[in-house]
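Trainee: One structure is given below, represented as structure tokens, and several questions about it will come after.
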Amino acid sequence: MATQPRQKPDGTSSDYALDDQIGFILRKVSQRHTTIFAAAFPDLTAPQWATLAKLYEGGPSSQNQLGRLVALDAATIKGVVDRLGARGLTVTTPDPADARRVVVALTEAGRKEAERGFPIAAAVTAETLGALSAEERVQLVQLLKALE
């Protein structure tokens, strides 16, 4: 529902209302989701979780490809991989086909952490989308994917 036109300081009206802007709405929803996620995963950031989940889904990956898969730039994915490695959840090795590349893989501990996290992550999603019906949830995800 659109907000009524607002009175500007000069007395004219404007159809612009911040509360109706997609970026503002997405940021508020993202902040809420981040709070829910942090409570559920106190020891992992969202990028760390995404990295574990993608490695579990797809197996070992070059660090650069992994960054693309989880929508992180090269410097950020390196930091994420380094922190996960320091916790014993991932391991990196030189790519045998190209020594300039680093291959990232889950360790056994990383695999177990991902498996432990999948139902938690599903619950985070359910809580984030809790105000929507099942049909609305599907529709929202489809619409957001269309904007990617």
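Letters for chains follow the order of the structure tokens (A, B, ...), residue numbers begin at 1 for each chain, and ligand numbers begin at 1 in the order shown.
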Would you pick out the contacts of A:Thr51 at 10 Å or less, using only C-alpha atoms, so that residues sharing its chain but fewer than 5 positions from it are not included, and give the list as a list in words?

Mentor: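 Near A:Thr51, the qualifying residues are Thr45, Ala46, Tyr56, Glu57, Leu66, Gly67, Leu69, Val70, Ala71, Leu72, Ile77, Val80, Val81, Leu84, Thr90, Val104, Leu106 and Ala114 of chain A.
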
Trainee: Would you list, as a PyMOL selection string, the residues of stretch 16-146 of chain A that end up in alpha helix (DSSP H) under DSSP run on this structure's backbone?

Mentor: chain A and resi 22-40+46-58+63-69+74-86+108-128+134-146

Trainee: Out of stretch 2-144 of chain A, which residues get strand (DSSP E or B) from DSSP, as a PyMOL selection string?

Mentor: chain A and resi 6-7+13-14+61-62+90-95+98-106

Trainee: Quick check, in Å to one decimal: how far apart do atom CA of A:Val141 and atom CA of A:Leu89 lie?

Mentor: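 Separation between atom CA of A:Val141 and atom CA of A:Leu89: 29.5 Å.
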
Trainee: Quick one: distance from atom CA of A:Arg101 to atom CA of A:Thr76 in Å, one decimal?

Mentor: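 Separation of atom CA of A:Arg101 and atom CA of A:Thr76: 15.9 Å.
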
Trainee: Mind checking which residues fall within 12 Å of A:Leu129, counting only C-alpha atoms, ignoring those fewer than 5 positions away in the same chain, and posting them as a count of residues only?

Mentor: 16
